[in-house]
$ cat protein.pdb   # PDB, C-alpha atoms, pLDDT in the B column
MODEL        1
ATOM      1  CA  MET A   1     -14.479 -80.753 -49.961  1.00 55.00           C
ATOM      2  CA  THR A   2     -15.367 -83.058 -47.087  1.00 58.00           C
ATOM      3  CA  PRO A   3     -13.043 -82.968 -44.078  1.00 61.00           C
ATOM      4  CA  PRO A   4     -10.922 -86.120 -43.940  1.00 67.00           C
ATOM      5  CA  GLU A   5     -11.268 -88.718 -41.232  1.00 74.00           C
ATOM      6  CA  ARG A   6      -8.660 -88.469 -38.525  1.00 81.00           C
ATOM      7  CA  SER A   7      -8.150 -90.184 -35.235  1.00 83.00           C
ATOM      8  CA  GLU A   8      -5.441 -90.119 -32.633  1.00 85.00           C
ATOM      9  CA  PRO A   9      -3.281 -93.222 -32.281  1.00 86.00           C
ATOM     10  CA  ALA A  10      -4.129 -95.663 -29.508  1.00 86.00           C
ATOM     11  CA  ILE A  11      -2.652 -94.602 -26.174  1.00 92.00           C
ATOM     12  CA  ASP A  12      -1.092 -98.044 -25.803  1.00 94.00           C
ATOM     13  CA  ALA A  13       0.321 -98.405 -29.333  1.00 94.00           C
ATOM     14  CA  ALA A  14       3.856 -99.657 -29.856  1.00 96.00           C
ATOM     15  CA  GLU A  15       6.469 -97.093 -30.839  1.00 97.00           C
ATOM     16  CA  ARG A  16       6.298 -97.366 -34.622  1.00 97.00           C
ATOM     17  CA  PRO A  17       2.490 -97.382 -34.908  1.00 97.00           C
ATOM     18  CA  MET A  18       2.468 -94.473 -32.442  1.00 96.00           C
ATOM     19  CA  LEU A  19       4.888 -92.419 -34.556  1.00 97.00           C
ATOM     20  CA  GLU A  20       3.139 -93.279 -37.807  1.00 97.00           C
ATOM     21  CA  GLY A  21      -0.245 -92.621 -36.234  1.00 96.00           C
ATOM     22  CA  TRP A  22       0.693 -89.178 -34.957  1.00 97.00           C
ATOM     23  CA  LEU A  23       2.237 -88.233 -38.299  1.00 98.00           C
ATOM     24  CA  ASP A  24      -0.906 -89.308 -40.148  1.00 96.00           C
ATOM     25  CA  TYR A  25      -3.046 -87.461 -37.594  1.00 96.00           C
ATOM     26  CA  HIS A  26      -1.154 -84.227 -38.231  1.00 96.00           C
ATOM     27  CA  ARG A  27      -1.222 -84.749 -42.001  1.00 97.00           C
ATOM     28  CA  GLU A  28      -5.003 -85.068 -41.880  1.00 96.00           C
ATOM     29  CA  THR A  29      -5.254 -82.120 -39.499  1.00 95.00           C
ATOM     30  CA  LEU A  30      -3.747 -79.945 -42.225  1.00 97.00           C
ATOM     31  CA  ALA A  31      -6.244 -81.317 -44.746  1.00 96.00           C
ATOM     32  CA  THR A  32      -9.020 -80.481 -42.273  1.00 95.00           C
ATOM     33  CA  LYS A  33      -7.736 -76.898 -42.000  1.00 95.00           C
ATOM     34  CA  CYS A  34      -8.127 -76.593 -45.780  1.00 96.00           C
ATOM     35  CA  ALA A  35     -11.513 -78.323 -46.034  1.00 95.00           C
ATOM     36  CA  GLY A  36     -14.492 -76.300 -47.186  1.00 95.00           C
ATOM     37  CA  LEU A  37     -12.514 -73.420 -48.660  1.00 97.00           C
ATOM     38  CA  THR A  38     -12.471 -72.338 -52.285  1.00 97.00           C
ATOM     39  CA  ASP A  39      -9.271 -72.231 -54.300  1.00 98.00           C
ATOM     40  CA  ALA A  40      -9.319 -68.449 -53.987  1.00 97.00           C
ATOM     41  CA  GLN A  41      -9.578 -68.689 -50.182  1.00 97.00           C
ATOM     42  CA  LEU A  42      -6.761 -71.246 -50.071  1.00 98.00           C
ATOM     43  CA  ARG A  43      -4.596 -68.775 -52.040  1.00 97.00           C
ATOM     44  CA  GLU A  44      -5.533 -65.841 -49.791  1.00 94.00           C
ATOM     45  CA  ALA A  45      -2.549 -64.359 -47.970  1.00 90.00           C
ATOM     46  CA  SER A  46      -2.994 -64.395 -44.220  1.00 81.00           C
ATOM     47  CA  VAL A  47      -1.519 -61.023 -43.410  1.00 79.00           C
ATOM     48  CA  PRO A  48      -0.468 -59.008 -46.452  1.00 75.00           C
ATOM     49  CA  PRO A  49       2.206 -58.244 -47.485  1.00 83.00           C
ATOM     50  CA  SER A  50       3.131 -61.779 -46.383  1.00 85.00           C
ATOM     51  CA  ALA A  51       2.512 -64.345 -49.128  1.00 84.00           C
ATOM     52  CA  PHE A  52       1.755 -67.069 -46.541  1.00 92.00           C
ATOM     53  CA  THR A  53      -1.328 -69.058 -47.610  1.00 97.00           C
ATOM     54  CA  LEU A  54      -2.870 -72.406 -46.787  1.00 98.00           C
ATOM     55  CA  LEU A  55      -2.189 -73.625 -50.324  1.00 98.00           C
ATOM     56  CA  GLY A  56       1.439 -72.517 -50.036  1.00 97.00           C
ATOM     57  CA  LEU A  57       1.702 -74.326 -46.717  1.00 97.00           C
ATOM     58  CA  VAL A  58       0.472 -77.583 -48.265  1.00 98.00           C
ATOM     59  CA  ARG A  59       2.982 -77.127 -51.111  1.00 98.00           C
ATOM     60  CA  HIS A  60       5.734 -76.543 -48.542  1.00 98.00           C
ATOM     61  CA  LEU A  61       4.874 -79.717 -46.641  1.00 98.00           C
ATOM     62  CA  THR A  62       4.798 -81.604 -49.934  1.00 98.00           C
ATOM     63  CA  GLU A  63       8.421 -80.556 -50.466  1.00 97.00           C
ATOM     64  CA  VAL A  64       9.241 -81.515 -46.857  1.00 98.00           C
ATOM     65  CA  GLU A  65       7.726 -85.011 -47.291  1.00 98.00           C
ATOM     66  CA  ARG A  66       9.687 -85.491 -50.506  1.00 98.00           C
ATOM     67  CA  PHE A  67      12.941 -84.260 -48.961  1.00 97.00           C
ATOM     68  CA  TRP A  68      12.953 -86.271 -45.736  1.00 98.00           C
ATOM     69  CA  PHE A  69      11.594 -89.568 -46.956  1.00 98.00           C
ATOM     70  CA  ARG A  70      12.714 -89.839 -50.553  1.00 98.00           C
ATOM     71  CA  GLU A  71      15.853 -87.710 -50.697  1.00 97.00           C
ATOM     72  CA  ILE A  72      17.257 -88.219 -47.196  1.00 98.00           C
ATOM     73  CA  LEU A  73      15.928 -91.632 -46.098  1.00 98.00           C
ATOM     74  CA  ALA A  74      15.995 -93.347 -49.516  1.00 98.00           C
ATOM     75  CA  GLY A  75      18.866 -91.328 -50.983  1.00 97.00           C
ATOM     76  CA  GLU A  76      16.975 -90.459 -54.180  1.00 97.00           C
ATOM     77  CA  GLU A  77      18.191 -87.508 -56.212  1.00 96.00           C
ATOM     78  CA  LEU A  78      15.082 -85.527 -57.006  1.00 97.00           C
ATOM     79  CA  PRO A  79      14.430 -81.979 -58.151  1.00 95.00           C
ATOM     80  CA  ASP A  80      12.369 -79.679 -55.978  1.00 94.00           C
ATOM     81  CA  LEU A  81       8.741 -79.504 -56.992  1.00 96.00           C
ATOM     82  CA  TYR A  82       8.182 -75.790 -56.459  1.00 96.00           C
ATOM     83  CA  CYS A  83      11.426 -74.159 -55.352  1.00 93.00           C
ATOM     84  CA  THR A  84      14.143 -72.953 -57.715  1.00 92.00           C
ATOM     85  CA  GLU A  85      17.451 -71.145 -57.337  1.00 93.00           C
ATOM     86  CA  GLU A  86      15.700 -67.968 -58.501  1.00 94.00           C
ATOM     87  CA  GLU A  87      12.812 -68.549 -56.100  1.00 92.00           C
ATOM     88  CA  PRO A  88      14.035 -70.611 -53.133  1.00 92.00           C
ATOM     89  CA  GLU A  89      10.660 -70.199 -51.382  1.00 92.00           C
ATOM     90  CA  GLY A  90       8.638 -71.079 -54.481  1.00 93.00           C
ATOM     91  CA  ASP A  91       6.606 -73.571 -52.488  1.00 96.00           C
ATOM     92  CA  PHE A  92       4.945 -70.651 -50.717  1.00 95.00           C
ATOM     93  CA  THR A  93       4.408 -68.677 -53.927  1.00 94.00           C
ATOM     94  CA  VAL A  94       1.006 -69.511 -55.385  1.00 95.00           C
ATOM     95  CA  THR A  95      -0.706 -68.159 -58.477  1.00 94.00           C
ATOM     96  CA  GLU A  96      -4.261 -68.098 -59.809  1.00 96.00           C
ATOM     97  CA  SER A  97      -3.531 -71.343 -61.671  1.00 96.00           C
ATOM     98  CA  ASP A  98      -2.710 -73.253 -58.470  1.00 96.00           C
ATOM     99  CA  THR A  99      -5.685 -75.285 -57.258  1.00 98.00           C
ATOM    100  CA  TRP A 100      -6.499 -77.442 -54.269  1.00 98.00           C
ATOM    101  CA  ALA A 101      -7.171 -80.439 -56.514  1.00 98.00           C
ATOM    102  CA  GLY A 102      -3.750 -80.254 -58.143  1.00 98.00           C
ATOM    103  CA  THR A 103      -1.897 -79.406 -54.946  1.00 98.00           C
ATOM    104  CA  GLU A 104      -3.643 -82.060 -52.866  1.00 98.00           C
ATOM    105  CA  SER A 105      -2.977 -84.692 -55.517  1.00 98.00           C
ATOM    106  CA  VAL A 106       0.778 -84.042 -55.476  1.00 98.00           C
ATOM    107  CA  TRP A 107       0.806 -83.830 -51.649  1.00 98.00           C
ATOM    108  CA  ARG A 108      -1.029 -87.127 -51.242  1.00 98.00           C
ATOM    109  CA  ALA A 109       1.263 -88.784 -53.810  1.00 98.00           C
ATOM    110  CA  GLU A 110       4.318 -87.669 -51.817  1.00 98.00           C
ATOM    111  CA  MET A 111       2.742 -88.951 -48.591  1.00 98.00           C
ATOM    112  CA  ALA A 112       2.102 -92.318 -50.258  1.00 98.00           C
ATOM    113  CA  ALA A 113       5.697 -92.410 -51.508  1.00 98.00           C
ATOM    114  CA  ALA A 114       6.908 -91.528 -47.991  1.00 98.00           C
ATOM    115  CA  ARG A 115       4.904 -94.387 -46.490  1.00 98.00           C
ATOM    116  CA  LYS A 116       6.272 -96.813 -49.071  1.00 98.00           C
ATOM    117  CA  VAL A 117       9.893 -95.775 -48.450  1.00 98.00           C
ATOM    118  CA  ALA A 118       9.468 -95.883 -44.664  1.00 98.00           C
ATOM    119  CA  ALA A 119       7.834 -99.329 -44.792  1.00 98.00           C
ATOM    120  CA  GLY A 120      11.139-100.756 -46.006  1.00 97.00           C
ATOM    121  CA  HIS A 121      13.088 -99.468 -42.994  1.00 98.00           C
ATOM    122  CA  ARG A 122      13.259-100.177 -39.292  1.00 98.00           C
ATOM    123  CA  LEU A 123      13.214 -97.239 -36.862  1.00 98.00           C
ATOM    124  CA  ASP A 124      16.951 -97.575 -36.202  1.00 98.00           C
ATOM    125  CA  ASP A 125      17.930 -97.806 -39.882  1.00 98.00           C
ATOM    126  CA  LEU A 126      20.095 -94.920 -41.016  1.00 98.00           C
ATOM    127  CA  SER A 127      19.246 -92.861 -44.067  1.00 98.00           C
ATOM    128  CA  GLN A 128      21.042 -93.215 -47.384  1.00 98.00           C
ATOM    129  CA  GLY A 129      21.232 -89.445 -47.701  1.00 97.00           C
ATOM    130  CA  VAL A 130      22.806 -87.049 -45.227  1.00 96.00           C
ATOM    131  CA  GLY A 131      21.838 -83.702 -43.784  1.00 90.00           C
ATOM    132  CA  SER A 132      23.762 -80.430 -43.893  1.00 89.00           C
ATOM    133  CA  ALA A 133      26.084 -81.674 -41.120  1.00 91.00           C
ATOM    134  CA  GLY A 134      27.052 -84.602 -43.338  1.00 94.00           C
ATOM    135  CA  ARG A 135      25.482 -87.235 -41.062  1.00 96.00           C
ATOM    136  CA  PRO A 136      22.633 -89.682 -41.731  1.00 98.00           C
ATOM    137  CA  PHE A 137      19.402 -89.803 -39.717  1.00 98.00           C
ATOM    138  CA  ASN A 138      17.528 -92.814 -38.421  1.00 98.00           C
ATOM    139  CA  LEU A 139      13.877 -93.269 -39.351  1.00 98.00           C
ATOM    140  CA  ARG A 140      12.805 -92.599 -35.751  1.00 98.00           C
ATOM    141  CA  TRP A 141      14.369 -89.125 -35.931  1.00 98.00           C
ATOM    142  CA  ILE A 142      12.721 -88.448 -39.303  1.00 98.00           C
ATOM    143  CA  TYR A 143       9.290 -89.453 -37.984  1.00 98.00           C
ATOM    144  CA  THR A 144       9.741 -87.284 -34.895  1.00 98.00           C
ATOM    145  CA  HIS A 145      10.897 -84.337 -36.979  1.00 98.00           C
ATOM    146  CA  MET A 146       7.971 -84.702 -39.378  1.00 98.00           C
ATOM    147  CA  ILE A 147       5.483 -84.777 -36.488  1.00 98.00           C
ATOM    148  CA  GLU A 148       7.072 -81.582 -35.156  1.00 98.00           C
ATOM    149  CA  GLU A 149       7.039 -79.982 -38.620  1.00 98.00           C
ATOM    150  CA  TYR A 150       3.355 -80.684 -39.180  1.00 98.00           C
ATOM    151  CA  ALA A 151       2.342 -79.759 -35.620  1.00 97.00           C
ATOM    152  CA  ARG A 152       4.112 -76.397 -35.869  1.00 97.00           C
ATOM    153  CA  HIS A 153       2.645 -75.626 -39.273  1.00 97.00           C
ATOM    154  CA  ASN A 154      -0.827 -76.742 -38.197  1.00 96.00           C
ATOM    155  CA  GLY A 155      -0.630 -73.958 -35.621  1.00 94.00           C
ATOM    156  CA  HIS A 156       0.103 -71.544 -38.454  1.00 94.00           C
ATOM    157  CA  ALA A 157      -2.779 -73.052 -40.440  1.00 95.00           C
ATOM    158  CA  ASP A 158      -5.128 -72.367 -37.499  1.00 94.00           C
ATOM    159  CA  LEU A 159      -4.319 -68.675 -37.670  1.00 92.00           C
ATOM    160  CA  VAL A 160      -4.532 -68.471 -41.457  1.00 94.00           C
ATOM    161  CA  ARG A 161      -7.878 -70.279 -41.505  1.00 95.00           C
ATOM    162  CA  GLU A 162      -9.308 -67.929 -38.886  1.00 94.00           C
ATOM    163  CA  ARG A 163      -8.101 -64.948 -40.905  1.00 93.00           C
ATOM    164  CA  VAL A 164      -9.575 -66.299 -44.150  1.00 93.00           C
ATOM    165  CA  ASP A 165     -13.084 -67.217 -43.012  1.00 93.00           C
ATOM    166  CA  GLY A 166     -13.281 -66.793 -39.250  1.00 92.00           C
ATOM    167  CA  ALA A 167     -13.357 -70.542 -38.558  1.00 90.00           C
ATOM    168  CA  THR A 168     -11.631 -71.696 -35.407  1.00 85.00           C
ATOM    169  CA  GLY A 169     -11.160 -75.134 -33.946  1.00 77.00           C
ATOM    170  CA  VAL A 170     -11.419 -76.736 -37.373  1.00 69.00           C
TER     171      VAL A 170
ENDMDL
END
$ encode --input "protein.pdb" --output "structure tokens"
Amino acid sequence: MTPPERSEPAIDAAERPMLEGWLDYHRETLATKCAGLTDAQLREASVPPSAFTLLGLVRHLTEVERFWFREILAGEELPDLYCTEEEPEGDFTVTESDTWAGTESVWRAEMAAARKVAAGHRLDDLSQGVGSAGRPFNLRWIYTHMIEEYARHNGHADLVRERVDGATGV
């Protein structure tokens, strides 16, 4: 797997391209953290008995993309991809049958769907869906939250990657 291309947004970009640029940068940072590893390495738990893996992290962020852009922003009613009532953290639970190719394909499809939904909204537009407090979010808030979500989890991915193969600064 070849590491994806990534570049930081221009330092003089307007607000929306800046937000979209930083989100895409962090999305591709996660892909970079996974690049060059085998499926077995991507399923390797970072610190047993924790089940936290790079593949599980990508599955989690797939669910997060789907939730914030399609369910909250667009108001779509969609089932979770990996989580169930019996296993609410099913996104982090990976098995021998889970592969990078399959996981990446679903992740990239959700990112494409997120971009398509967001393209139809202005930054101040409120979401069709509401959060747990019963209030909608504007797209600006969703972008900012997603940047934070990816940035935080990319820090986790740094540690997992180092534990799996010793690579740092990937």
$ residues_around --input "protein.pdb" --residues "Ala31 (chain A)" --least-positions-apart "2" --cutoff "9 Å" --atoms "all atoms listed in the file" --output "list of chain:residue names"
A:Pro3, A:Pro4, A:His26, A:Arg27, A:Glu28, A:Thr29, A:Lys33, A:Cys34, A:Ala35, A:Val58, A:Glu104
$ closest_residue --input "protein.pdb" --among "A:Glu44, A:Pro79, A:Tyr143, A:Thr103" --to "Asp24 (chain A)" --atoms "all atoms listed in the file"
A:Tyr143
$ atom_distance --input "protein.pdb" --atom1 "CA of Tyr150 (chain A)" --atom2 "CA of Pro17 (chain A)"
17.3 Å
$ residues_around --input "protein.pdb" --residues "Thr144 (chain A)" --least-positions-apart "5" --cutoff "12 Å" --atoms "only C-alpha atoms" --output "number ranges by chain"
A: 15-16, 18-23, 26, 68, 123, 137-139, 149-151
$ write_last_selection --input "protein.pdb" --atoms "C-alpha atoms" --output "short mmCIF file (atom, residue, chain, number, x, y, z; two decimals), in the frame of the given file"
data_model
loop_
_atom_site.label_atom_id
_atom_site.label_comp_id
_atom_site.auth_asym_id
_atom_site.auth_seq_id
_atom_site.Cartn_x
_atom_site.Cartn_y
_atom_site.Cartn_z
CA GLU A 15 6.47 -97.09 -30.84
CA ARG A 16 6.30 -97.37 -34.62
CA MET A 18 2.47 -94.47 -32.44
CA LEU A 19 4.89 -92.42 -34.56
CA GLU A 20 3.14 -93.28 -37.81
CA GLY A 21 -0.24 -92.62 -36.23
CA TRP A 22 0.69 -89.18 -34.96
CA LEU A 23 2.24 -88.23 -38.30
CA HIS A 26 -1.15 -84.23 -38.23
CA TRP A 68 12.95 -86.27 -45.74
CA LEU A 123 13.21 -97.24 -36.86
CA PHE A 137 19.40 -89.80 -39.72
CA ASN A 138 17.53 -92.81 -38.42
CA LEU A 139 13.88 -93.27 -39.35
CA GLU A 149 7.04 -79.98 -38.62
CA TYR A 150 3.36 -80.68 -39.18
CA ALA A 151 2.34 -79.76 -35.62
#
$ residues_near_point --input "protein.pdb" --point "(-8.4, -77.3, -54.5)" --cutoff "12 Å" --atoms "only C-alpha atoms" --output "compact mmCIF listing (two decimals) with C-alpha atoms, in the coordinates of the input"
# COMPACT_ATOMS: atom_id res chain seq x y z
CA MET A 1 -14.48 -80.75 -49.96
CA THR A 2 -15.37 -83.06 -47.09
CA ALA A 31 -6.24 -81.32 -44.75
CA CYS A 34 -8.13 -76.59 -45.78
CA ALA A 35 -11.51 -78.32 -46.03
CA GLY A 36 -14.49 -76.30 -47.19
CA LEU A 37 -12.51 -73.42 -48.66
CA THR A 38 -12.47 -72.34 -52.28
CA ASP A 39 -9.27 -72.23 -54.30
CA ALA A 40 -9.32 -68.45 -53.99
CA GLN A 41 -9.58 -68.69 -50.18
CA LEU A 42 -6.76 -71.25 -50.07
CA ARG A 43 -4.60 -68.78 -52.04
CA LEU A 54 -2.87 -72.41 -46.79
CA LEU A 55 -2.19 -73.62 -50.32
CA GLY A 56 1.44 -72.52 -50.04
CA VAL A 58 0.47 -77.58 -48.26
CA ARG A 59 2.98 -77.13 -51.11
CA GLU A 96 -4.26 -68.10 -59.81
CA SER A 97 -3.53 -71.34 -61.67
CA ASP A 98 -2.71 -73.25 -58.47
CA THR A 99 -5.68 -75.28 -57.26
CA TRP A 100 -6.50 -77.44 -54.27
CA ALA A 101 -7.17 -80.44 -56.51
CA GLY A 102 -3.75 -80.25 -58.14
CA THR A 103 -1.90 -79.41 -54.95
CA GLU A 104 -3.64 -82.06 -52.87
CA SER A 105 -2.98 -84.69 -55.52
CA VAL A 106 0.78 -84.04 -55.48
CA TRP A 107 0.81 -83.83 -51.65
$ closest_residue --input "protein.pdb" --among "A:Arg135, A:Gly169, A:Glu148, A:Asp91" --to "Phe52 (chain A)" --atoms "all atoms listed in the file"
A:Asp91
$ resolve_selection --input "protein.pdb" --expression "the PyMOL selection byres ((chain A and resi 46-48) around 8)" --output "PyMOL selection string"
chain A and resi 44-45+49-53+159-160+163-164
$ atom_distance --input "protein.pdb" --atom1 "CA of Arg70 (chain A)" --atom2 "CA of Arg6 (chain A)"
24.6 Å
$ closest_residue --input "protein.pdb" --among "A:Leu61, A:Val117, A:Gly166, A:Val94" --to "His153 (chain A)" --atoms "only C-alpha atoms"
A:Leu61
$ closest_residue --input "protein.pdb" --among "A:Ile142, A:His60, A:Ala109, A:Cys83" --to "Asp124 (chain A)" --atoms "only C-alpha atoms"
A:Ile142
$ closest_residue --input "protein.pdb" --among "A:Thr84, A:Thr62, A:Gln128, A:Thr95" --to "Met111 (chain A)" --atoms "only C-alpha atoms"
A:Thr62
$ closest_residue --input "protein.pdb" --among "A:Ala114, A:Leu30, A:Leu126, A:Ala119" --to "Glu63 (chain A)" --atoms "all atoms listed in the file"
A:Ala114
$ axis_aligned_box --input "protein.pdb" --around "region 133-144 of chain A" --padding-each-side "8 Å" --output "AutoDock Vina command-line options"
--center_x 18.2 --center_y -87.5 --center_z -39.1 --size_x 33.8 --size_y 27.6 --size_z 24.4
$ residues_near_point --input "protein.pdb" --point "(15.1, -95.8, -47.8)" --cutoff "9 Å" --atoms "all atoms listed in the file" --output "list in words"
Phe69, Arg70, Glu71, Ile72, Leu73, Ala74, Gly75, Glu76, Lys116, Val117, Ala118, Ala119, Gly120, His121, Asp125, Leu126, Ser127, Gln128, Gly129 and Leu139 of chain A
$ write_last_selection --input "protein.pdb" --atoms "C-alpha atoms" --output "compact mmCIF listing (two decimals), in the frame of the given file"
# COMPACT_ATOMS: atom_id res chain seq x y z
CA PHE A 69 11.59 -89.57 -46.96
CA ARG A 70 12.71 -89.84 -50.55
CA GLU A 71 15.85 -87.71 -50.70
CA ILE A 72 17.26 -88.22 -47.20
CA LEU A 73 15.93 -91.63 -46.10
CA ALA A 74 16.00 -93.35 -49.52
CA GLY A 75 18.87 -91.33 -50.98
CA GLU A 76 16.98 -90.46 -54.18
CA LYS A 116 6.27 -96.81 -49.07
CA VAL A 117 9.89 -95.78 -48.45
CA ALA A 118 9.47 -95.88 -44.66
CA ALA A 119 7.83 -99.33 -44.79
CA GLY A 120 11.14 -100.76 -46.01
CA HIS A 121 13.09 -99.47 -42.99
CA ASP A 125 17.93 -97.81 -39.88
CA LEU A 126 20.10 -94.92 -41.02
CA SER A 127 19.25 -92.86 -44.07
CA GLN A 128 21.04 -93.22 -47.38
CA GLY A 129 21.23 -89.44 -47.70
CA LEU A 139 13.88 -93.27 -39.35
$ atom_distance --input "protein.pdb" --atom1 "CA of Glu110 (chain A)" --atom2 "CA of Leu81 (chain A)"
10.6 Å
$ decode --input "protein.pdb" --residues "region 21-29 of chain A" --atoms "all heavy atoms" --output "short mmCIF file (atom, residue, chain, number, x, y, z; two decimals), in the first residue's frame"
data_model
loop_
_atom_site.label_atom_id
_atom_site.label_comp_id
_atom_site.auth_asym_id
_atom_site.auth_seq_id
_atom_site.Cartn_x
_atom_site.Cartn_y
_atom_site.Cartn_z
N GLY A 21 -9.90 21.52 3.85
CA GLY A 21 -8.51 21.12 3.66
C GLY A 21 -7.92 20.43 4.87
O GLY A 21 -7.23 19.42 4.75
N TRP A 22 -8.18 21.00 6.06
CA TRP A 22 -7.65 20.37 7.27
C TRP A 22 -8.33 19.02 7.55
O TRP A 22 -7.67 18.07 7.98
CB TRP A 22 -7.77 21.29 8.49
CG TRP A 22 -6.64 22.25 8.54
CD1 TRP A 22 -6.67 23.60 8.32
CD2 TRP A 22 -5.26 21.94 8.80
NE1 TRP A 22 -5.42 24.14 8.43
CE2 TRP A 22 -4.53 23.14 8.72
CE3 TRP A 22 -4.58 20.76 9.08
CZ2 TRP A 22 -3.15 23.19 8.91
CZ3 TRP A 22 -3.21 20.82 9.28
CH2 TRP A 22 -2.51 22.01 9.20
N LEU A 23 -9.61 18.91 7.25
CA LEU A 23 -10.27 17.62 7.44
C LEU A 23 -9.67 16.58 6.49
O LEU A 23 -9.34 15.47 6.92
CB LEU A 23 -11.79 17.75 7.25
CG LEU A 23 -12.58 16.46 7.41
CD1 LEU A 23 -12.30 15.76 8.73
CD2 LEU A 23 -14.08 16.75 7.26
N ASP A 24 -9.51 16.95 5.23
CA ASP A 24 -8.90 16.00 4.29
C ASP A 24 -7.46 15.66 4.68
O ASP A 24 -7.04 14.51 4.55
CB ASP A 24 -8.94 16.57 2.87
CG ASP A 24 -10.32 16.45 2.24
OD1 ASP A 24 -11.13 15.61 2.71
OD2 ASP A 24 -10.59 17.18 1.27
N TYR A 25 -6.73 16.64 5.17
CA TYR A 25 -5.36 16.38 5.63
C TYR A 25 -5.35 15.33 6.74
O TYR A 25 -4.55 14.39 6.71
CB TYR A 25 -4.72 17.68 6.14
CG TYR A 25 -3.36 17.49 6.74
CD1 TYR A 25 -2.22 17.43 5.94
CD2 TYR A 25 -3.19 17.36 8.12
CE1 TYR A 25 -0.96 17.25 6.49
CE2 TYR A 25 -1.94 17.18 8.67
CZ TYR A 25 -0.82 17.11 7.86
OH TYR A 25 0.43 16.92 8.40
N HIS A 26 -6.24 15.47 7.69
CA HIS A 26 -6.27 14.51 8.80
C HIS A 26 -6.81 13.15 8.37
O HIS A 26 -6.38 12.11 8.89
CB HIS A 26 -7.05 15.07 9.99
CG HIS A 26 -6.25 16.05 10.77
ND1 HIS A 26 -5.15 15.69 11.50
CD2 HIS A 26 -6.37 17.39 10.91
CE1 HIS A 26 -4.62 16.76 12.08
NE2 HIS A 26 -5.34 17.81 11.73
N ARG A 27 -7.74 13.14 7.42
CA ARG A 27 -8.20 11.86 6.87
C ARG A 27 -7.03 11.11 6.24
O ARG A 27 -6.83 9.92 6.48
CB ARG A 27 -9.29 12.10 5.81
CG ARG A 27 -10.64 12.50 6.36
CD ARG A 27 -11.54 13.03 5.27
NE ARG A 27 -12.93 13.17 5.67
CZ ARG A 27 -13.79 13.97 5.06
NH1 ARG A 27 -13.40 14.70 4.02
NH2 ARG A 27 -15.04 14.05 5.49
N GLU A 28 -6.25 11.81 5.42
CA GLU A 28 -5.13 11.17 4.75
C GLU A 28 -3.98 10.86 5.71
O GLU A 28 -3.22 9.93 5.47
CB GLU A 28 -4.65 12.01 3.57
CG GLU A 28 -5.68 12.10 2.45
CD GLU A 28 -6.24 10.74 2.01
OE1 GLU A 28 -5.46 9.75 1.90
OE2 GLU A 28 -7.46 10.65 1.79
N THR A 29 -3.89 11.60 6.79
CA THR A 29 -2.90 11.26 7.82
C THR A 29 -3.20 9.88 8.39
O THR A 29 -2.29 9.06 8.57
CB THR A 29 -2.88 12.32 8.94
OG1 THR A 29 -2.44 13.57 8.38
CG2 THR A 29 -1.96 11.93 10.09
#
